[in-house]
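Below is my_file.txt, which holds compact mmCIF, C-alpha atoms.
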```
# COMPACT_ATOMS: atom_id res chain seq x y z
CA MET A 1 -21.83 -29.05 24.98
CA THR A 2 -22.11 -32.67 26.03
CA THR A 3 -19.45 -35.01 27.31
CA PRO A 4 -19.13 -38.32 25.46
CA PRO A 5 -19.22 -41.50 27.57
CA LYS A 6 -15.45 -41.73 27.47
CA ILE A 7 -13.05 -38.92 26.62
CA ASP A 8 -10.12 -40.18 24.55
CA ARG A 9 -7.51 -38.23 26.47
CA ARG A 10 -4.63 -39.89 24.65
CA ALA A 11 -5.91 -38.78 21.26
CA ALA A 12 -4.79 -35.23 21.98
CA LEU A 13 -1.30 -36.48 22.76
CA ILE A 14 -1.04 -38.91 19.86
CA ALA A 15 -2.26 -36.29 17.37
CA LEU A 16 0.68 -34.07 18.18
CA GLY A 17 3.16 -35.74 16.17
CA GLY A 18 0.26 -4.16 2.59
CA ALA A 19 -3.26 -2.93 1.87
CA GLY A 20 -4.24 -4.04 -1.55
CA VAL A 21 -2.83 -7.54 -1.27
CA VAL A 22 -3.41 -9.32 -4.57
CA ALA A 23 -3.72 -12.99 -5.44
CA THR A 24 -0.90 -14.32 -7.62
CA GLY A 25 -0.44 -17.62 -9.39
CA LEU A 26 2.01 -20.23 -8.12
CA ALA A 27 4.36 -21.61 -10.76
CA VAL A 28 6.77 -24.07 -9.15
CA SER A 29 8.24 -27.24 -10.67
CA ARG A 30 9.61 -30.37 -9.08
CA PHE A 31 12.98 -29.51 -10.63
CA ALA A 32 13.01 -26.11 -8.94
CA ILE A 33 12.30 -27.80 -5.60
CA ALA A 34 15.05 -30.39 -6.18
CA ARG A 35 17.51 -27.60 -6.99
CA GLY A 36 16.58 -25.80 -3.79
CA GLU A 37 14.99 -22.89 -5.65
CA THR A 38 11.54 -22.98 -4.02
CA ASN A 39 11.10 -20.70 -1.02
CA VAL A 40 8.52 -20.89 1.74
CA VAL A 41 8.73 -18.04 4.24
CA VAL A 42 7.03 -18.27 7.63
CA ILE A 43 6.35 -15.22 9.79
CA GLY A 44 6.10 -15.96 13.51
CA GLY A 45 7.80 -18.59 15.67
CA GLY A 46 4.88 -19.56 17.91
CA PRO A 47 3.08 -22.93 17.84
CA GLY A 48 1.59 -22.26 14.39
CA GLY A 49 4.56 -20.82 12.50
CA ALA A 50 7.22 -23.02 14.08
CA THR A 51 5.17 -26.15 13.36
CA VAL A 52 4.82 -25.22 9.68
CA ALA A 53 8.54 -24.55 9.31
CA GLY A 54 9.65 -27.71 11.08
CA GLU A 55 7.15 -30.03 9.42
CA LEU A 56 7.92 -28.73 5.92
CA LYS A 57 11.62 -29.44 6.38
CA ARG A 58 10.91 -32.84 7.88
CA LEU A 59 8.59 -33.93 5.08
CA ALA A 60 10.24 -32.09 2.15
CA PRO A 61 13.92 -31.50 3.00
CA LYS A 62 14.69 -29.94 -0.41
CA LEU A 63 12.39 -27.00 0.23
CA ASN A 64 13.97 -23.73 1.31
CA VAL A 65 12.11 -22.80 4.50
CA THR A 66 12.80 -19.52 6.29
CA LEU A 67 11.27 -18.70 9.67
CA ILE A 68 11.29 -15.02 10.67
CA GLU A 69 10.83 -14.38 14.40
CA LYS A 70 11.52 -11.23 16.38
CA ASP A 71 12.64 -12.97 19.61
CA LYS A 72 15.69 -15.13 20.23
CA ARG A 73 13.62 -17.61 22.21
CA TYR A 74 9.90 -18.32 22.41
CA THR A 75 8.16 -18.15 25.80
CA SER A 76 4.71 -19.66 25.69
CA CYS A 77 1.66 -17.76 26.85
CA PHE A 78 -0.05 -21.13 27.36
CA PHE A 79 1.03 -22.56 30.74
CA SER A 80 2.35 -19.10 31.72
CA ASN A 81 -0.35 -19.02 34.40
CA HIS A 82 1.49 -21.91 36.08
CA TYR A 83 4.64 -19.79 36.10
CA ILE A 84 2.87 -16.64 37.32
CA ALA A 85 1.51 -18.54 40.33
CA GLY A 86 4.87 -20.14 41.11
CA GLU A 87 3.94 -23.63 39.88
CA ARG A 88 6.54 -23.76 37.07
CA SER A 89 9.89 -22.15 36.30
CA PHE A 90 10.31 -19.57 33.56
CA ASP A 91 12.79 -21.80 31.76
CA SER A 92 10.21 -24.59 31.58
CA ILE A 93 7.96 -22.46 29.36
CA THR A 94 10.78 -21.04 27.22
CA HIS A 95 11.99 -22.75 24.05
CA THR A 96 14.83 -22.25 21.60
CA PHE A 97 14.85 -22.68 17.82
CA SER A 98 17.92 -24.93 17.81
CA GLY A 99 15.92 -28.05 16.87
CA LEU A 100 14.41 -26.27 13.88
CA LYS A 101 17.82 -25.03 12.81
CA LYS A 102 19.23 -28.54 13.03
CA ARG A 103 16.36 -29.79 10.87
CA GLY A 104 17.41 -27.26 8.22
CA VAL A 105 15.07 -24.33 8.81
CA ASN A 106 16.71 -20.97 8.09
CA VAL A 107 15.78 -19.08 11.27
CA ARG A 108 16.12 -15.32 10.85
CA ARG A 109 15.63 -12.86 13.66
CA GLY A 110 13.84 -9.55 13.14
CA THR A 111 10.53 -7.74 13.21
CA VAL A 112 8.69 -7.93 9.90
CA ARG A 113 8.20 -4.44 8.48
CA SER A 114 6.16 -5.16 5.38
CA ILE A 115 4.84 -7.81 2.98
CA ASP A 116 5.11 -7.05 -0.73
CA ALA A 117 2.60 -9.55 -2.16
CA LYS A 118 3.01 -8.33 -5.75
CA ASN A 119 6.76 -8.99 -5.81
CA LYS A 120 6.63 -11.75 -3.18
CA LYS A 121 9.05 -10.19 -0.74
CA VAL A 122 9.08 -9.81 3.03
CA GLN A 123 11.04 -6.94 4.57
CA PHE A 124 12.25 -7.46 8.13
CA GLY A 125 14.77 -6.08 10.58
CA LYS A 126 16.27 -2.77 9.48
CA THR A 127 17.29 -3.68 5.94
CA LEU A 128 16.73 -7.41 5.44
CA GLU A 129 14.36 -9.09 3.02
CA ALA A 130 13.32 -12.59 1.97
CA ASN A 131 11.76 -13.76 -1.29
CA TYR A 132 8.98 -16.32 -1.22
CA ASP A 133 6.93 -18.55 -3.48
CA LEU A 134 4.51 -19.25 -0.63
CA LEU A 135 4.13 -17.23 2.55
CA VAL A 136 2.74 -18.35 5.92
CA VAL A 137 1.67 -15.58 8.30
CA ALA A 138 1.31 -16.59 11.96
CA PRO A 139 1.80 -13.28 13.80
CA GLY A 140 -0.31 -13.98 16.88
CA ILE A 141 -2.13 -11.04 18.44
CA SER A 142 -1.71 -7.31 18.90
CA LEU A 143 -3.10 -5.57 21.96
CA VAL A 144 -5.29 -2.48 21.60
CA TYR A 145 -4.00 -0.54 24.59
CA ASP A 146 -6.10 2.57 23.98
CA SER A 147 -9.33 0.55 24.10
CA ILE A 148 -9.16 1.40 27.83
CA GLU A 149 -8.78 5.03 28.86
CA GLY A 150 -5.52 5.59 30.72
CA TYR A 151 -4.00 2.31 29.53
CA SER A 152 -0.94 2.24 27.26
CA LYS A 153 2.12 0.21 26.44
CA ASP A 154 4.00 2.10 29.14
CA ALA A 155 1.20 1.37 31.61
CA THR A 156 1.85 -2.37 31.21
CA LYS A 157 5.00 -1.96 33.29
CA VAL A 158 2.71 -1.23 36.26
CA MET A 159 -0.53 -2.91 35.18
CA PRO A 160 0.66 -5.88 33.09
CA HIS A 161 -1.58 -7.72 30.67
CA ALA A 162 0.67 -10.81 30.66
CA TRP A 163 -1.22 -12.01 27.58
CA GLN A 164 1.94 -12.46 25.54
CA GLY A 165 4.58 -14.77 26.98
CA GLY A 166 7.85 -13.39 28.33
CA VAL A 167 8.60 -10.16 30.15
CA GLN A 168 4.95 -9.42 30.94
CA SER A 169 4.56 -12.74 32.77
CA LYS A 170 7.63 -11.89 34.85
CA ILE A 171 6.23 -8.47 35.73
CA LEU A 172 2.91 -9.89 36.94
CA ARG A 173 4.60 -12.57 39.03
CA ALA A 174 6.98 -10.04 40.58
CA ARG A 175 4.13 -7.69 41.50
CA LEU A 176 2.24 -10.54 43.17
CA GLU A 177 5.34 -11.47 45.15
CA LYS A 178 5.88 -7.85 46.29
CA MET A 179 2.24 -7.21 47.23
CA PRO A 180 1.67 -7.16 51.01
CA ASP A 181 -0.65 -9.70 52.60
CA GLY A 182 -4.12 -8.16 52.64
CA GLY A 183 -3.70 -6.60 49.21
CA THR A 184 -6.21 -6.59 46.35
CA VAL A 185 -5.57 -8.15 42.96
CA VAL A 186 -7.82 -7.14 40.05
CA LEU A 187 -8.11 -9.32 36.95
CA ALA A 188 -9.95 -7.77 33.99
CA PRO A 189 -10.74 -10.10 31.03
CA PRO A 190 -11.91 -8.54 27.74
CA LYS A 191 -14.90 -9.27 25.56
CA MET A 192 -14.60 -12.00 22.94
CA PRO A 193 -12.75 -12.72 20.74
CA TYR A 194 -9.36 -12.99 22.40
CA ARG A 195 -6.51 -15.45 22.77
CA CYS A 196 -7.31 -18.49 24.94
CA PRO A 197 -10.93 -18.04 26.11
CA PRO A 198 -10.56 -20.00 29.40
CA GLY A 199 -7.17 -18.45 30.18
CA PRO A 200 -8.27 -15.59 32.47
CA TYR A 201 -10.22 -17.97 34.71
CA GLU A 202 -7.39 -20.47 35.04
CA ARG A 203 -5.25 -17.46 35.94
CA ALA A 204 -7.83 -16.43 38.57
CA CYS A 205 -7.67 -19.91 40.11
CA LEU A 206 -3.90 -20.06 40.17
CA ILE A 207 -3.44 -16.54 41.52
CA ALA A 208 -6.06 -17.32 44.17
CA HIS A 209 -4.16 -20.50 45.06
CA TYR A 210 -0.99 -18.43 45.43
CA LEU A 211 -2.80 -15.95 47.68
CA LYS A 212 -4.39 -18.74 49.72
CA THR A 213 -1.01 -20.32 50.45
CA LYS A 214 1.23 -17.25 50.60
CA LYS A 215 -0.94 -14.20 51.39
CA PRO A 216 -4.22 -15.47 52.86
CA LYS A 217 -5.58 -12.06 53.85
CA SER A 218 -5.61 -10.93 50.23
CA LYS A 219 -8.43 -11.09 47.68
CA LEU A 220 -8.88 -11.29 43.93
CA ILE A 221 -11.59 -9.32 42.12
CA ILE A 222 -12.59 -10.29 38.58
CA LEU A 223 -14.09 -7.44 36.54
CA ASP A 224 -15.46 -9.19 33.48
CA ALA A 225 -16.78 -7.46 30.35
CA LYS A 226 -18.72 -10.62 29.41
CA PHE A 227 -22.00 -12.22 30.46
CA SER A 228 -20.48 -15.72 30.50
CA PHE A 229 -17.22 -17.53 29.80
CA SER A 230 -15.65 -20.82 28.73
CA LYS A 231 -15.93 -23.76 31.19
CA GLN A 232 -17.94 -21.47 33.47
CA PRO A 233 -19.69 -24.18 35.56
CA VAL A 234 -16.38 -25.89 36.34
CA PHE A 235 -14.60 -22.64 37.16
CA GLU A 236 -17.44 -21.41 39.38
CA GLU A 237 -17.38 -24.73 41.21
CA ALA A 238 -13.64 -24.26 41.80
CA PHE A 239 -14.14 -20.68 42.97
CA GLN A 240 -16.59 -21.94 45.61
CA ARG A 241 -14.70 -25.10 46.58
CA TYR A 242 -11.20 -23.69 46.86
CA TYR A 243 -11.36 -19.90 46.87
CA LYS A 244 -14.71 -18.88 48.34
CA ASP A 245 -13.27 -16.15 50.57
CA ILE A 246 -10.69 -14.99 48.03
CA ILE A 247 -12.33 -14.62 44.59
CA GLU A 248 -15.04 -12.03 43.97
CA LEU A 249 -16.56 -12.39 40.49
CA HIS A 250 -18.35 -9.51 38.72
CA LEU A 251 -19.93 -10.63 35.45
CA SER A 252 -21.60 -8.09 33.20
CA ASN A 253 -25.33 -8.34 32.57
CA ASP A 254 -28.08 -6.46 30.73
CA ILE A 255 -27.94 -3.63 33.28
CA ASP A 256 -24.37 -3.45 34.56
CA ASP A 257 -21.17 -3.58 32.50
CA PHE A 258 -18.24 -4.59 34.68
CA GLY A 259 -15.64 -4.30 31.94
CA VAL A 260 -12.86 -1.80 32.53
CA SER A 261 -13.49 1.65 31.02
CA ARG A 262 -10.63 3.57 32.65
CA VAL A 263 -7.54 3.01 34.75
CA ASP A 264 -5.37 5.35 36.78
CA VAL A 265 -1.89 3.88 36.75
CA ARG A 266 -0.66 6.34 39.39
CA THR A 267 -3.30 5.53 42.01
CA GLY A 268 -4.09 1.96 40.99
CA GLU A 269 -7.79 2.80 40.61
CA ILE A 270 -9.87 0.86 38.08
CA TYR A 271 -13.24 2.13 36.83
CA THR A 272 -16.11 0.18 35.26
CA PRO A 273 -19.03 1.53 33.17
CA ALA A 274 -21.32 0.25 35.95
CA GLY A 275 -19.80 2.84 38.29
CA LEU A 276 -17.68 0.48 40.37
CA ILE A 277 -14.26 1.82 41.39
CA VAL A 278 -11.66 -0.60 42.73
CA LYS A 279 -8.23 0.29 44.04
CA ALA A 280 -5.83 -2.47 43.08
CA ASP A 281 -2.48 -3.31 44.59
CA VAL A 282 -1.89 -5.57 41.58
CA ALA A 283 -3.85 -5.05 38.36
CA ASN A 284 -3.86 -7.55 35.51
CA ILE A 285 -5.55 -5.65 32.67
CA ILE A 286 -6.19 -7.67 29.49
CA PRO A 287 -7.25 -5.28 26.71
CA ARG A 288 -9.04 -5.87 23.42
CA GLN A 289 -7.03 -7.78 20.82
CA THR A 290 -6.58 -7.94 17.06
CA ALA A 291 -4.55 -9.97 14.61
CA GLY A 292 -0.82 -9.25 14.76
CA GLU A 293 0.11 -5.82 13.42
CA ILE A 294 1.82 -7.04 10.26
CA ALA A 295 -1.38 -8.81 9.15
CA LEU A 296 -3.35 -5.60 9.56
CA LYS A 297 -0.71 -3.47 7.80
CA SER A 298 -0.51 -5.88 4.89
CA GLY A 299 -4.20 -5.88 4.04
CA LEU A 300 -4.78 -9.48 5.13
CA ALA A 301 -7.52 -8.58 7.61
CA GLU A 302 -11.16 -7.62 7.44
CA GLY A 303 -11.73 -5.56 10.55
CA ASP A 304 -9.60 -6.96 13.38
CA TRP A 305 -8.96 -10.50 12.08
CA CYS A 306 -7.94 -12.32 8.92
CA PRO A 307 -10.45 -14.26 6.79
CA ILE A 308 -9.27 -17.63 5.50
CA LYS A 309 -10.51 -20.56 3.45
CA PRO A 310 -11.55 -23.08 6.10
CA ASP A 311 -10.31 -26.19 4.30
CA ASN A 312 -6.68 -25.05 3.95
CA PHE A 313 -6.18 -21.68 5.72
CA ARG A 314 -5.20 -19.86 2.56
CA SER A 315 -5.84 -16.16 2.97
CA SER A 316 -9.07 -14.93 1.41
CA LYS A 317 -6.97 -11.97 0.21
CA SER A 318 -4.14 -13.82 -1.53
CA GLU A 319 -3.91 -17.34 -2.93
CA ASP A 320 -0.21 -17.66 -2.11
CA ILE A 321 -0.45 -16.49 1.50
CA TYR A 322 -1.67 -18.58 4.44
CA VAL A 323 -2.84 -17.10 7.75
CA LEU A 324 -3.20 -19.31 10.79
CA GLY A 325 -3.34 -19.28 14.56
CA ASP A 326 -4.71 -16.45 16.65
CA ALA A 327 -4.76 -13.99 13.73
CA SER A 328 -7.18 -16.03 11.61
CA ILE A 329 -10.98 -16.09 11.57
CA ALA A 330 -11.55 -19.78 12.30
CA LYS A 331 -15.10 -19.25 13.64
CA ALA A 332 -15.91 -22.09 16.08
CA MET A 333 -12.25 -23.03 16.47
CA PRO A 334 -10.86 -21.06 19.43
CA LYS A 335 -7.65 -19.06 19.44
CA SER A 336 -5.31 -21.44 21.25
CA ALA A 337 -1.88 -23.03 20.99
CA PHE A 338 -3.25 -26.43 20.02
CA SER A 339 -5.57 -24.87 17.43
CA ALA A 340 -2.57 -23.12 15.85
CA HIS A 341 -0.54 -26.34 15.91
CA SER A 342 -3.38 -28.30 14.31
CA GLN A 343 -3.99 -25.61 11.69
CA ALA A 344 -0.27 -25.66 10.88
CA LYS A 345 -0.44 -29.34 9.99
CA THR A 346 -3.33 -28.54 7.63
CA VAL A 347 -1.28 -25.77 6.01
CA VAL A 348 1.71 -28.09 5.58
CA ALA A 349 -0.48 -30.72 3.90
CA ASP A 350 -1.89 -28.12 1.50
CA ILE A 351 1.56 -26.73 0.63
CA LEU A 352 2.97 -30.19 -0.08
CA ASP A 353 -0.06 -31.01 -2.22
CA ARG A 354 0.29 -27.77 -4.19
CA LEU A 355 3.97 -28.42 -4.79
CA ASP A 356 3.24 -32.05 -5.66
CA VAL A 357 6.12 -33.30 -3.55
CA LYS A 358 4.49 -35.46 -0.87
CA ASP A 359 1.19 -36.69 0.52
CA ALA A 360 1.09 -35.56 4.15
CA GLY A 361 -1.61 -38.14 4.95
CA ASP A 362 -4.75 -37.62 6.98
CA VAL A 363 -4.76 -34.35 8.92
CA ARG A 364 -7.48 -33.48 11.43
CA LEU A 365 -8.28 -30.05 12.80
CA GLN A 366 -8.72 -30.23 16.54
CA ASN A 367 -8.28 -28.34 19.77
CA THR A 368 -7.71 -29.32 23.36
CA CYS A 369 -7.41 -26.81 26.18
CA TRP A 370 -6.47 -27.65 29.76
CA SER A 371 -7.11 -25.41 32.77
CA MET A 372 -5.50 -25.97 36.17
CA LEU A 373 -7.98 -25.18 38.95
CA ALA A 374 -5.87 -26.23 41.94
CA PRO A 375 -3.02 -28.69 42.61
CA ASP A 376 -3.87 -32.04 40.96
CA ASP A 377 -7.16 -30.64 39.65
CA SER A 378 -7.44 -29.69 35.98
CA ALA A 379 -10.37 -29.30 33.59
CA ILE A 380 -10.43 -29.94 29.85
CA ILE A 381 -12.36 -28.74 26.82
CA GLY A 382 -11.95 -29.72 23.19
CA ALA A 383 -13.44 -30.70 19.85
CA THR A 384 -12.61 -31.64 16.29
CA TYR A 385 -13.50 -29.34 13.39
CA GLN A 386 -14.61 -29.76 9.81
CA PRO A 387 -15.33 -27.25 7.04
CA GLY A 388 -19.07 -26.86 6.56
CA GLU A 389 -21.76 -24.42 5.63
CA LEU A 390 -23.51 -22.25 8.20
CA ASN A 391 -25.82 -19.33 7.38
CA GLY A 392 -24.78 -19.53 3.75
CA SER A 393 -21.02 -19.36 4.27
CA GLU A 394 -18.23 -21.92 4.43
CA GLN A 395 -16.61 -22.06 7.85
CA LEU A 396 -15.18 -24.42 10.43
CA LEU A 397 -17.79 -26.22 12.51
CA ALA A 398 -17.20 -28.10 15.76
CA GLU A 399 -18.06 -31.75 16.21
CA GLY A 400 -17.31 -34.33 18.88
CA SER A 401 -17.11 -31.63 21.55
CA TYR A 402 -16.26 -32.52 25.13
CA VAL A 403 -15.88 -30.50 28.31
CA SER A 404 -15.26 -31.19 31.99
CA LYS A 405 -18.29 -30.92 34.23
CA PRO A 406 -18.85 -30.04 37.89
CA GLY A 407 -18.88 -32.96 40.27
CA GLU A 408 -16.21 -35.06 38.58
CA THR A 409 -14.13 -37.28 40.85
CA ALA A 410 -10.76 -36.29 42.23
CA GLU A 411 -9.17 -39.12 40.24
CA VAL A 412 -10.59 -37.82 36.94
CA ARG A 413 -9.27 -34.34 37.66
CA ARG A 414 -5.92 -35.69 38.82
CA GLN A 415 -5.59 -37.61 35.56
CA ASN A 416 -6.50 -34.44 33.66
CA TYR A 417 -3.63 -32.67 35.38
CA LYS A 418 -1.16 -35.44 34.57
CA ASP A 419 -2.33 -35.51 30.96
CA SER A 420 -1.97 -31.74 30.69
CA ILE A 421 1.67 -31.85 31.78
CA ALA A 422 2.38 -34.63 29.27
CA TRP A 423 0.50 -32.66 26.60
CA TYR A 424 2.63 -29.55 27.13
CA GLU A 425 5.88 -31.49 26.81
CA THR A 426 4.67 -33.43 23.76
CA LEU A 427 3.38 -30.32 22.02
CA THR A 428 6.46 -28.17 22.57
CA ASN A 429 8.79 -31.04 21.66
CA ASP A 430 6.92 -31.43 18.38
CA VAL A 431 6.63 -27.70 17.62
CA TYR A 432 10.30 -26.96 18.25
CA ALA A 433 11.68 -30.24 16.86
CA LYS A 434 13.48 -30.99 20.09
CA GLN A 435 14.15 -34.55 18.98
CA ALA A 436 16.36 -33.00 16.27
CA SER A 437 18.36 -30.86 18.70
```
Here is a file; write its structure as structure tokens.
Amino acid sequence: MTTPPKIDRRAALIALGGAGVVATGLAVSRFAIARGETNVVVIGGGPGGATVAGELKRLAPKLNVTLIEKDKRYTSCFFSNHYIAGERSFDSITHTFSGLKKRGVNVRRGTVRSIDAKNKKVQFGKTLEANYDLLVVAPGISLVYDSIEGYSKDATKVMPHAWQGGVQSKILRARLEKMPDGGTVVLAPPKMPYRCPPGPYERACLIAHYLKTKKPKSKLIILDAKFSFSKQPVFEEAFQRYYKDIIELHLSNDIDDFGVSRVDVRTGEIYTPAGLIVKADVANIIPRQTAGEIALKSGLAEGDWCPIKPDNFRSSKSEDIYVLGDASIAKAMPKSAFSAHSQAKTVVADILDRLDVKDAGDVRLQNTCWSMLAPDDSAIIGATYQPGELNGSEQLLAEGSYVSKPGETAEVRRQNYKDSIAWYETLTNDVYAKQAS
């Protein structure tokens, strides 16, 4: 990718403002909407789902909008690396749904058990259900624990993945704090696709910064199942500049696979197909991922992820169901918080157009991802996306791509860091309608 002469950093901030599923026809009138008889149900209270729910109520207050979320509060996985390394508090990455409730969203708590597309019902909790005219599915990811021998959900209490915000982030931070100086941390990123492609390498930088300042005799070993990774030149520059004696990077190649094939939770030993065995004092194991379980159970996926129509994110399996965020197959568009937020605005525009209640205006698909490398030093990557044809199929294609490069000035990187902090606050304020709370 190439960097344009001038990156419009402010644009990213301003822009924030069951198997056998069948397609069914939508028959909704303006009178039904006015009488409060039209129901949109949203599954998942992350950046994608919460944005859809809040924006629909803001732009079409007469719509009945129900958001179903299993947790009382949402703790973001994005920026959790800052918390894990002691750079942010846990509360600063945790958000309530009070703003959405004040806006008029019916927030219901519970795990979704099933989607009945024929009868347009969602079952959740132990006995609860919700009827819908249109359904938005934003379930995030599921983790395939048994993709690594010896790994399991129980194993995450000792070898956390910390790839879903909340308790797992706390476990990883606590284990780093308890590790003696001179200990070994192992970070194991998976093969693509997975949530937040640059995330493991930002985490490596921030953990290494923590070790450098708190436990300087320690080291961090990266066992990577991939040949290359996002923002690699910038990250490798940071590894050398800041953490040369701390980070040890093992990338896979045509001969050696340094992904993790087996773990021994009792001994802390980690095994790679290349024959390397590392004993970890702290192990951060990030396993293979799929679309959230409810999407798989409901027949919305093909393989591990959910196919969608790239111009509106309607499910390829059902005309009245949308799938967005990490669970969707958005091709060039990465699985990230800002992608989900941007996709949500597209979904809202399509729903309002279908219901003939409001023109949502111009909506652009875009992504921006920030990575903190060290204090006052952050890198950025991003692009805009348009539906287009590639290899005979309609999909989202990137345009206007930009990415940080090695050798940038300290002032550029410092500004990146400042912009990233502003971006997080702007995004989460918008997603969770904090101006309404």
**Request:** Fewer than 5 positions away in the same chain doesn't count, so skip those; otherwise give me all residues within 10 Å of Pro375 of chain A, counting all atoms listed in the file, as a PyMOL selection string.
**Result:** chain A and resi 87+206+209+413-414+417
**Message:** List as a list in words the protein and nucleic acid residues near Asn416 of chain A, meaning an atom at most 10 Å away when only C-alpha atoms are counted, but skip any in the same chain fewer than 5 places from it.
**Reply:** Arg9, Trp370, Ser371, Met372, Asp376, Asp377, Ser378, Ala379, Ile380, Ser404, Ala410, Glu411, Ile421 and Ala422 of chain A
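Our summary of the geometry notes that atom CA of Ala349 of chain A is positioned 23.5 Å from atom CA of Ala301 of chain A.
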**Request:** Could you jot down the atom CA of Lys219 of chain A to atom CA of Arg88 of chain A separation for me, Å, one decimal place?
**Result:** 22.3 Å
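Note that atom CA of Phe235 of chain A and atom CA of Pro216 of chain A are 20.1 Å apart.
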**Message:** Please list as a count of residues only every residue within 8 Å of Ile207 of chain A, counting only C-alpha atoms and excluding residues in the same chain fewer than 3 positions away.
**Reply:** 7
**Request:** Find the spatial neighbours of Ser152 of chain A, counting all atoms listed in the file, within a cut-off of 12 Å - ignore same-chain residues fewer than 5 positions away - and output them as a PyMOL selection string.
**Result:** chain A and resi 143-147+157-161+262-265+285-287
**Asked** Hey, what's within 6 Å of segment 308-312 of chain A if we count only C-alpha atoms and toss same-chain stuff fewer than 4 positions away? As a list in words, please?
**Response** Ser316, Val347, Pro387, Gln395 and Leu396 of chain A
Restrict the selected residues to C-alpha atoms and save them as a short mmCIF file (atom, residue, chain, number, x, y, z; two decimals), in the frame of the given file.
```cif
data_model
loop_
_atom_site.label_atom_id
_atom_site.label_comp_id
_atom_site.auth_asym_id
_atom_site.auth_seq_id
_atom_site.Cartn_x
_atom_site.Cartn_y
_atom_site.Cartn_z
CA SER A 316 -9.07 -14.93 1.41
CA VAL A 347 -1.28 -25.77 6.01
CA PRO A 387 -15.33 -27.25 7.04
CA GLN A 395 -16.61 -22.06 7.85
CA LEU A 396 -15.18 -24.42 10.43
#
```
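For the set A:Gln343, A:Ser169, A:Ser228, A:Thr290, the residue with the smallest atom-to-atom gap to Ala330 of chain A is A:Gln343, counting all atoms listed in the file.
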**Message:** Using only C-alpha atoms, list the residues that have an atom at most 12 Å from (3.0, -37.9, 6.2), coordinates as in the file, as JSON, numbers by chain.
**Reply:** {"A": [17, 55, 56, 58, 59, 60, 345, 346, 348, 349, 350, 352, 353, 357, 358, 359, 360, 361, 362, 363]}
**Request:** Tell me which of A:Ser339, A:Asn39, A:Thr96, A:Thr127 sits closest to Gly110 of chain A, counting all atoms listed in the file.
**Result:** A:Thr127
